[in-house]
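Following: one structure in structure tokens, then a few remarks.
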Amino acid sequence: MKKAAIEKAYQLAKEQYAELEVDVDKVLSELDKINISLHCWQTDDVGGFEKPGAELGGGGIQVTGNFPGKAKTIEQMRSDLDKVMSLLPGKQRLNLHAIYGEFGGKLIDRDKIEVEHFQGWIDWAKKRKIGIDFNCTCFSHPYADDGFTLSSKNEKIRKFWVEHVKRCRAIGAEMGKQLGTPSVHNIWIPDGSKDNPVDRNGLRKLLKKSLDEIFAVKYPQKYLKDSVEAKLFGIGSEAMVVGSHDFYLGYAAKNNIMITLDNGHFHPTEQIGDKISSCLQNVDELLLHLTRGLRWDSDHVATFNDEIILIAQEIIRAKALNKVNIGLDYFDASLNRIGAYVIGARAVQMAFMFALLEPVKTLVKFEEQGKNFERLAFLELLKTKPFGAVWDYYCLQNNVPVGQEYIEDIQKYEKEVLLKR
Ligand code: RNT
Ligand code: ZN
């Protein structure tokens, strides 16, 4: 696209939004505050580097597809992440899982990992001036095979996972310290049962006990921020998930930690957007795992859809940007993984831009005056406003490909890099 045409379209868009009392230049500077945490696991189908050819194993999550070009080494993953970041406007962070350490070809079990295994990543992030978020990996391991980790009734197994998560928090805190921006550490465990359990209470007591042991170690908030991620069900945990939303929401509120909202983890008719302002009344901060669930927690690539737009709108309308940490969480191996990555990240950025372009004051005024027709009409009107022109200009301003140019860029990377792996 020609620069002059993009600029012209932007000027016209600005005029249209000004009629609605929306200041587009201000919107673009607000957009710069949106920092998306890039989930490294989209580049390698949640395999990790514990052993060569490692694959996602169990935990009720699944990757399907065999598109060529999966990252098989840390170097390949880093090259993919650089590529992704080069195609995204705005700021990003990196979201790592514990299985992505540099273990030097040795099998380091999860209860033995140390900062040194992640120093390479910290240095990598330092060079790029980005922060790192971290996750314990309580799946793809023999001790997770029977479906219980932190809620295991086998004390040896439970202790093993407590130790793992403790180490991960220590590593996260060190990442935050070295990088000068707090690392968000997220706990998701697959624990649950296929058929109706009898002792739900016993399992949840154990999970609470494990969390209490884990969080007994305190870190300054400027280094580490803790979050817990609930889920409704997974494959093999259809009847009950130990770490349900009720469980974690209560735990987070009581213990002053964050809650993670993954929009694949609820009933399909439940809206995560509606949960933002509900949770924020009693927990200070949230972490989002943005995805697109098709019929179940399928982890399809996030797109610019109603669900994601509502999430962004609710954050902006509640003026809660500084209380929400934004992460992606999907893994699709049926298409170019880098393409999938960029589509999802751009979709989320676009949703925030769309939300920022809303004349919130006017809409709230209508609402308070009981002018429901006017409110609905305005919301409909906004769907035909030229937000695409604003998006294109934002990309231009950030020196990243505009419009369909990023597709060609990824096709080139596929040919020159991915297909040669
Ligand atoms: C699983 C959770 C969890 C994982 C990642 C890999 O249902 O969403 O967040 O997807 O940690
Ligand atoms: Zn998630």
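Going by the structure tokens order, chains are called A, B, ..., each with residues numbered from 1, while ligands are numbered from 1 in the order shown.
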Alpha helix (DSSP H) call set, DSSP backbone run, segment 6-254 of chain A, as a count of residues only: 96
Within segment 172-247 of chain A, find each residue whose DSSP state, derived from the backbone, is strand (DSSP E or B), and express the selection as a PyMOL selection string. chain A and resi 183-187+192-193+224-229+240-241
Restricting the calculation to only C-alpha atoms, which member of A:Leu335, A:Ile272, A:Val22, A:Ala98 is positioned closest to Leu290 of chain A?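 Of all the options, A:Ile272 lies closest to Leu290 of chain A.
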Sorted per-residue table, chain A near ligand 2, closest atoms and distance, 10 Å, only C-alpha atoms and all ligand atoms, as JSON lines:
{"residue": "A:His39", "atom": "CA", "partner": "ligand 2", "partner_atom_place_in_ligand_line": "1 (Zn)", "distance": 9.8}
{"residue": "A:Ile61", "atom": "CA", "partner": "ligand 2", "partner_atom_place_in_ligand_line": "1 (Zn)", "distance": 9.8}
{"residue": "A:Asn186", "atom": "CA", "partner": "ligand 2", "partner_atom_place_in_ligand_line": "1 (Zn)", "distance": 9.0}
{"residue": "A:Ile187", "atom": "CA", "partner": "ligand 2", "partner_atom_place_in_ligand_line": "1 (Zn)", "distance": 9.4}
{"residue": "A:Trp188", "atom": "CA", "partner": "ligand 2", "partner_atom_place_in_ligand_line": "1 (Zn)", "distance": 7.3}
{"residue": "A:Val228", "atom": "CA", "partner": "ligand 2", "partner_atom_place_in_ligand_line": "1 (Zn)", "distance": 10.0}
{"residue": "A:Glu229", "atom": "CA", "partner": "ligand 2", "partner_atom_place_in_ligand_line": "1 (Zn)", "distance": 6.9}
{"residue": "A:Ala230", "atom": "CA", "partner": "ligand 2", "partner_atom_place_in_ligand_line": "1 (Zn)", "distance": 8.5}
{"residue": "A:Lys231", "atom": "CA", "partner": "ligand 2", "partner_atom_place_in_ligand_line": "1 (Zn)", "distance": 8.5}
{"residue": "A:Thr260", "atom": "CA", "partner": "ligand 2", "partner_atom_place_in_ligand_line": "1 (Zn)", "distance": 7.7}
{"residue": "A:Leu261", "atom": "CA", "partner": "ligand 2", "partner_atom_place_in_ligand_line": "1 (Zn)", "distance": 7.6}
{"residue": "A:Asp262", "atom": "CA", "partner": "ligand 2", "partner_atom_place_in_ligand_line": "1 (Zn)", "distance": 5.0}
{"residue": "A:Asn263", "atom": "CA", "partner": "ligand 2", "partner_atom_place_in_ligand_line": "1 (Zn)", "distance": 8.0}
{"residue": "A:Gly264", "atom": "CA", "partner": "ligand 2", "partner_atom_place_in_ligand_line": "1 (Zn)", "distance": 7.6}
{"residue": "A:His265", "atom": "CA", "partner": "ligand 2", "partner_atom_place_in_ligand_line": "1 (Zn)", "distance": 7.7}
{"residue": "A:Leu287", "atom": "CA", "partner": "ligand 2", "partner_atom_place_in_ligand_line": "1 (Zn)", "distance": 9.7}
{"residue": "A:Leu288", "atom": "CA", "partner": "ligand 2", "partner_atom_place_in_ligand_line": "1 (Zn)", "distance": 8.0}
{"residue": "A:His289", "atom": "CA", "partner": "ligand 2", "partner_atom_place_in_ligand_line": "1 (Zn)", "distance": 5.0}
{"residue": "A:Leu290", "atom": "CA", "partner": "ligand 2", "partner_atom_place_in_ligand_line": "1 (Zn)", "distance": 7.7}
{"residue": "A:Thr291", "atom": "CA", "partner": "ligand 2", "partner_atom_place_in_ligand_line": "1 (Zn)", "distance": 8.2}
{"residue": "A:Asp297", "atom": "CA", "partner": "ligand 2", "partner_atom_place_in_ligand_line": "1 (Zn)", "distance": 9.3}
{"residue": "A:Asp299", "atom": "CA", "partner": "ligand 2", "partner_atom_place_in_ligand_line": "1 (Zn)", "distance": 8.8}
{"residue": "A:Gly327", "atom": "CA", "partner": "ligand 2", "partner_atom_place_in_ligand_line": "1 (Zn)", "distance": 8.7}
{"residue": "A:Leu328", "atom": "CA", "partner": "ligand 2", "partner_atom_place_in_ligand_line": "1 (Zn)", "distance": 7.9}
{"residue": "A:Asp329", "atom": "CA", "partner": "ligand 2", "partner_atom_place_in_ligand_line": "1 (Zn)", "distance": 5.3}
{"residue": "A:Tyr330", "atom": "CA", "partner": "ligand 2", "partner_atom_place_in_ligand_line": "1 (Zn)", "distance": 7.8}
Considering only C-alpha atoms, return as a list in words whatever protein or nucleic-acid residues lie within 10 Å of Pro197 of chain A, sequence-local ones (same chain, fewer than 6 positions apart) excluded.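 Using only C-alpha atoms, the neighbours found are Leu203, Ala239 and Met240 of chain A.
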Residue among A:Tyr341, A:Phe266, A:Phe304, A:Trp161 lying closest to ligand 1, counting only C-alpha atoms and all ligand atoms: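 Comparing A:Tyr341, A:Phe266, A:Phe304, A:Trp161 against ligand 1, the winner is A:Phe266.
Residue nearest Gln271 of chain A, chosen from A:Leu286, A:Pro68, A:Asn196, A:Ile308 and counting only C-alpha atoms: A:Ile308.
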Neighbouring residues of segment 168-173 of chain A were defined as those with any atom within 8 Å, considering only C-alpha atoms; residues of the same chain fewer than 5 positions away were excluded. Please report them as a PyMOL selection string. chain A and resi 98+113-115+118+133-136+182-185+219+223-224
How would the residues just picked look written out with all heavy atoms as a CSV table (one decimal), in the first residue's frame?
chain,number,residue,atom,x,y,z
A,98,ALA,N,8.0,-23.7,31.5
A,98,ALA,CA,9.3,-24.2,32.1
A,98,ALA,C,10.0,-25.3,31.3
A,98,ALA,O,11.2,-25.5,31.4
A,98,ALA,CB,8.9,-24.8,33.5
A,113,ILE,N,14.9,-27.7,38.1
A,113,ILE,CA,15.3,-26.6,37.2
A,113,ILE,C,15.7,-25.4,38.0
A,113,ILE,O,15.3,-25.2,39.1
A,113,ILE,CB,14.1,-26.2,36.2
A,113,ILE,CG1,12.8,-25.9,37.0
A,113,ILE,CG2,13.9,-27.3,35.2
A,113,ILE,CD1,11.8,-25.3,36.2
A,114,GLU,N,16.6,-24.6,37.4
A,114,GLU,CA,17.2,-23.4,38.0
A,114,GLU,C,17.2,-22.2,37.1
A,114,GLU,O,17.0,-22.4,35.9
A,114,GLU,CB,18.7,-23.7,38.3
A,114,GLU,CG,19.0,-25.0,39.0
A,114,GLU,CD,19.3,-24.8,40.5
A,114,GLU,OE1,19.1,-23.7,41.0
A,114,GLU,OE2,19.6,-25.8,41.1
A,115,VAL,N,17.5,-21.1,37.6
A,115,VAL,CA,17.6,-19.9,36.8
A,115,VAL,C,18.6,-20.1,35.7
A,115,VAL,O,18.3,-19.6,34.6
A,115,VAL,CB,18.0,-18.7,37.7
A,115,VAL,CG1,18.3,-17.4,36.8
A,115,VAL,CG2,17.0,-18.4,38.8
A,118,PHE,N,17.5,-20.7,32.3
A,118,PHE,CA,16.7,-19.6,31.6
A,118,PHE,C,17.5,-18.3,31.4
A,118,PHE,O,16.9,-17.4,30.9
A,118,PHE,CB,15.4,-19.4,32.4
A,118,PHE,CG,14.5,-20.6,32.4
A,118,PHE,CD1,14.7,-21.6,33.4
A,118,PHE,CD2,13.7,-20.9,31.4
A,118,PHE,CE1,13.9,-22.7,33.4
A,118,PHE,CE2,12.9,-22.0,31.3
A,118,PHE,CZ,13.1,-23.0,32.4
A,133,ASP,N,7.2,-13.4,30.9
A,133,ASP,CA,6.3,-14.1,31.8
A,133,ASP,C,6.6,-15.5,31.8
A,133,ASP,O,7.2,-16.1,30.9
A,133,ASP,CB,4.8,-13.8,31.3
A,133,ASP,CG,4.6,-12.3,31.3
A,133,ASP,OD1,5.0,-11.6,32.3
A,133,ASP,OD2,4.0,-11.8,30.3
A,134,PHE,N,6.2,-16.2,32.9
A,134,PHE,CA,6.6,-17.6,33.1
A,134,PHE,C,5.5,-18.5,33.5
A,134,PHE,O,4.5,-18.0,34.1
A,134,PHE,CB,7.8,-17.6,34.1
A,134,PHE,CG,8.6,-18.8,34.0
A,134,PHE,CD1,9.1,-19.3,32.8
A,134,PHE,CD2,9.0,-19.5,35.1
A,134,PHE,CE1,9.9,-20.4,32.7
A,134,PHE,CE2,9.8,-20.6,35.1
A,134,PHE,CZ,10.3,-21.1,33.8
A,135,ASN,N,5.6,-19.8,33.2
A,135,ASN,CA,4.6,-20.8,33.6
A,135,ASN,C,5.3,-22.0,34.1
A,135,ASN,O,6.2,-22.6,33.4
A,135,ASN,CB,3.8,-21.2,32.4
A,135,ASN,CG,3.1,-20.0,31.7
A,135,ASN,OD1,1.9,-19.8,31.9
A,135,ASN,ND2,3.8,-19.3,30.9
A,136,CYS,N,4.8,-22.6,35.2
A,136,CYS,CA,5.2,-23.9,35.5
A,136,CYS,C,4.6,-24.9,34.5
A,136,CYS,O,3.5,-24.6,34.0
A,136,CYS,CB,4.8,-24.2,37.0
A,136,CYS,SG,3.0,-23.9,37.2
A,182,PRO,N,8.0,-6.8,36.2
A,182,PRO,CA,7.6,-8.0,36.9
A,182,PRO,C,7.2,-9.1,36.0
A,182,PRO,O,6.6,-8.9,34.9
A,182,PRO,CB,6.4,-7.6,37.7
A,182,PRO,CG,6.0,-6.2,37.3
A,182,PRO,CD,7.2,-5.6,36.6
A,183,SER,N,7.6,-10.3,36.3
A,183,SER,CA,7.2,-11.5,35.5
A,183,SER,C,5.9,-12.0,36.1
A,183,SER,O,5.7,-12.1,37.3
A,183,SER,CB,8.3,-12.5,35.7
A,183,SER,OG,8.0,-13.7,35.0
A,184,VAL,N,5.0,-12.3,35.2
A,184,VAL,CA,3.7,-12.9,35.6
A,184,VAL,C,3.9,-14.4,35.6
A,184,VAL,O,4.2,-14.9,34.6
A,184,VAL,CB,2.6,-12.5,34.7
A,184,VAL,CG1,1.3,-13.2,35.1
A,184,VAL,CG2,2.4,-11.0,34.7
A,185,HIS,N,3.7,-15.0,36.8
A,185,HIS,CA,3.8,-16.5,36.8
A,185,HIS,C,2.4,-17.0,36.9
A,185,HIS,O,1.7,-16.7,37.8
A,185,HIS,CB,4.7,-17.0,38.0
A,185,HIS,CG,4.8,-18.5,38.0
A,185,HIS,ND1,3.9,-19.3,38.7
A,185,HIS,CD2,5.5,-19.3,37.2
A,185,HIS,CE1,4.2,-20.5,38.4
A,185,HIS,NE2,5.2,-20.6,37.6
A,219,TYR,N,7.6,-13.0,47.2
A,219,TYR,CA,8.5,-12.2,46.4
A,219,TYR,C,8.0,-10.8,46.2
A,219,TYR,O,6.8,-10.6,46.2
A,219,TYR,CB,8.7,-12.8,45.0
A,219,TYR,CG,9.3,-14.2,45.0
A,219,TYR,CD1,8.5,-15.3,45.0
A,219,TYR,CD2,10.7,-14.4,45.1
A,219,TYR,CE1,9.1,-16.6,45.1
A,219,TYR,CE2,11.2,-15.6,45.1
A,219,TYR,CZ,10.4,-16.7,45.1
A,219,TYR,OH,11.0,-18.0,45.2
A,223,TYR,N,9.0,-7.8,41.2
A,223,TYR,CA,9.7,-8.9,40.4
A,223,TYR,C,8.7,-10.0,39.9
A,223,TYR,O,8.9,-10.5,38.9
A,223,TYR,CB,10.7,-9.6,41.4
A,223,TYR,CG,11.8,-8.7,41.9
A,223,TYR,CD1,12.4,-8.9,43.1
A,223,TYR,CD2,12.2,-7.6,41.1
A,223,TYR,CE1,13.4,-8.1,43.6
A,223,TYR,CE2,13.2,-6.8,41.6
A,223,TYR,CZ,13.8,-7.0,42.9
A,223,TYR,OH,14.8,-6.2,43.4
A,224,LEU,N,7.7,-10.3,40.8
A,224,LEU,CA,6.9,-11.4,40.4
A,224,LEU,C,5.4,-11.1,40.7
A,224,LEU,O,5.1,-10.6,41.8
A,224,LEU,CB,7.3,-12.7,41.2
A,224,LEU,CG,6.6,-14.0,40.8
A,224,LEU,CD1,7.2,-14.5,39.5
A,224,LEU,CD2,6.7,-15.0,41.9
Using 10 Å as the limit and counting only C-alpha atoms, can you tabulate each residue of segment 97-161 of chain A that touches segment 207-214 of chain A, with its shortest atom-to-atom distance in Å and the two atoms involved, as a Markdown table?
| residue | atom | partner | partner_atom | distance |
| --- | --- | --- | --- | --- |
| A:Phe148 | CA | A:Leu207 | CA | 9.8 |
| A:Thr149 | CA | A:Leu207 | CA | 8.7 |
| A:Leu150 | CA | A:Leu207 | CA | 5.5 |
| A:Ser151 | CA | A:Leu207 | CA | 4.4 |
| A:Ser152 | CA | A:Leu207 | CA | 8.1 |
| A:Lys153 | CA | A:Leu207 | CA | 9.9 |
| A:Arg158 | CA | A:Ser210 | CA | 7.5 |
| A:Lys159 | CA | A:Ser210 | CA | 8.1 |
| A:Trp161 | CA | A:Ser210 | CA | 8.7 |
